[in-house]
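Working notes, beginning with the structure itself.
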Amino acid sequence: MNSDWANLPKELLYLVVERLESPLEFSAVCKPWRCVAKDTLSQYAKMIAPMLMICEQKRDIWNLYDVAHNKLVNFQLRLPNKRFCGSSKGWLIVVDESFRVNLINPFYMVKGGERANSTIRLPPLHPPNIRREIFSKHCDDFVYKATISADPVLNANDCIVAVIYEDYCQLAFIRLNKDTKWTYADQSIDKRWRLIREVAFVEDKLYFINNESRLFSFDITTLSFSSLSLVQHHFGPNNICLKGYLVDSNKKELLLVHKYYTKEGGRRVTKKFRVFGFSFNQCDWIEKTNLGDAVIFVGDNSSLYVLASKSFGCKPNCIYFNHDQDRVNAIGRDGVYDLGVYNLEDHSILQPYTTDVKALLRKARRPSMWVSPRFPL
C-alpha cells in the first residue's frame, strides 16, 4: 500500500515542522509541505547563515553545507556544471556559451523541480576591442567577478548588474527593466577603468579597487563616466600574496578585508586577515581590530556581512573564507582546500568541516561558493 505523504493532514504537518531544527529540507519535499512550512521558513530565512555550495562529480549536481549546524543539507541543487563568477543577494551569476550573463536563484532549482523566475537571462556581452573568440572554449571565465545591487525579482527596478570582464579586468553594467544592452567603461578613454579587482554597491554609488589598491567611486545614477572619482590613493603593502575584498556592511560602512597568504609546496595557504573601515571624513582607511557581533564571508561571492546574533550558529568577530579562484590559481587536482574561519581576536584559523564535507571539497573541480538563501515562498 502506497503512502500518500503529500496529503497528510495539515494539523499533523504543523506539529512536525514545529519540532524541526530547520524547515529547509521539509519544505523541499512537495508543494503541500512547502505551504505548511511557509511561515516558519520565512522567519528562518531571515536568520539563516550563508551556505557553502559544493559541486559533485556528477554532472549539474551541487550540495549545500550548512555552516550553522556543521552538516550537509539533505537535498541537492541542480545547477549548470560551470564556474559561477558571482553570488550576490542570494543569486548566482554565470556566463553561457553565447557570452550571455544569467542570474540563477539556486533555491528555486532544488533537484526534482524548477520554479518560475529561477533564471533571468541578460543580453550577451559585446565589449569593444575585445576578441571574445579567445574565450570561446572557456566562456565561463570571461567574467572574472560579478555582483548585483538588489534582488532582481523583489526589487527589479533598483537592480544593477556589474561585471568585471577579461582580459584587462574592465567594468560593464546593465540596469534591469531599463537597459537593453550593456554599458562599458572604456579603458581606451580612461585607463583608470582597467585592472579592476573588486566592486561593491553602496547606496547610489559603485566603488571599486584596482590592482594598485586605489579606491574609486562612480555615481551609477548619472551614467556619466566623467563622474569617476579617485577616493583614496594606494593603500596596503606591495605584496603579491595579498588579496582585497570590498564589503558593504549593510549600507552603513564600506569595509576592506585584506587576506594574506603564502605558497607552500605549490599550494596557497591563507595566514591572516586585516579589516579596514573607510572614513569619508578623513578620506582614509582605518583598521578595525574587532568586528563585535559582525561576521564576514569572503570568496568568489560578493562579500557578505551578517550579525552573529541574527544568524544561527555563526561565530562573532570572525571571517569565513573560501577557496576562491583568482586569475592565477585555478582549482587543481587537490580540489578546494584553502578555507576556514579566521578569528580576528586571537588570529586563529579553524576548519570546522565534517569528514564528508572535506571529501567533497577534495574532489571538487569547480570553486565552491557562499550563497545567501532566498527561498521561493
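Following the order of the C-alpha cells, first chain is A, next is B, and so on, with residues numbered from 1 inside each chain and ligands from 1 in the order they appear.
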
> Counting only C-alpha atoms, what is within 12 Å of Tyr305 of chain A, bar same-chain residues fewer than 5 positions away, as a PyMOL selection string?
Replying inline: chain A and resi 49-50+88-89+245-257+291+293-298+310-311+314+316-320+370+372

> From the set A:Thr355, A:Gln170, A:Asn63, A:Asn301, which residue has the shortest atom-to-atom contact distance to Val94 of chain A, counting only C-alpha atoms?
Replying inline: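 When distances to Val94 of chain A are compared using only C-alpha atoms, the smallest one comes from A:Asn301.
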
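Distances to Gly244 of chain A were evaluated for A:Tyr207, A:Trp285, A:Val143, A:Arg197 using only C-alpha atoms, and the minimum falls at A:Arg197.
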
> Mind pulling up the distance from atom CA of Cys30 of chain A to atom CA of Pro9 of chain A?
Replying inline: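 Computing the Euclidean distance for atom CA of Pro9 of chain A and atom CA of Cys30 of chain A yields 14.0 Å.
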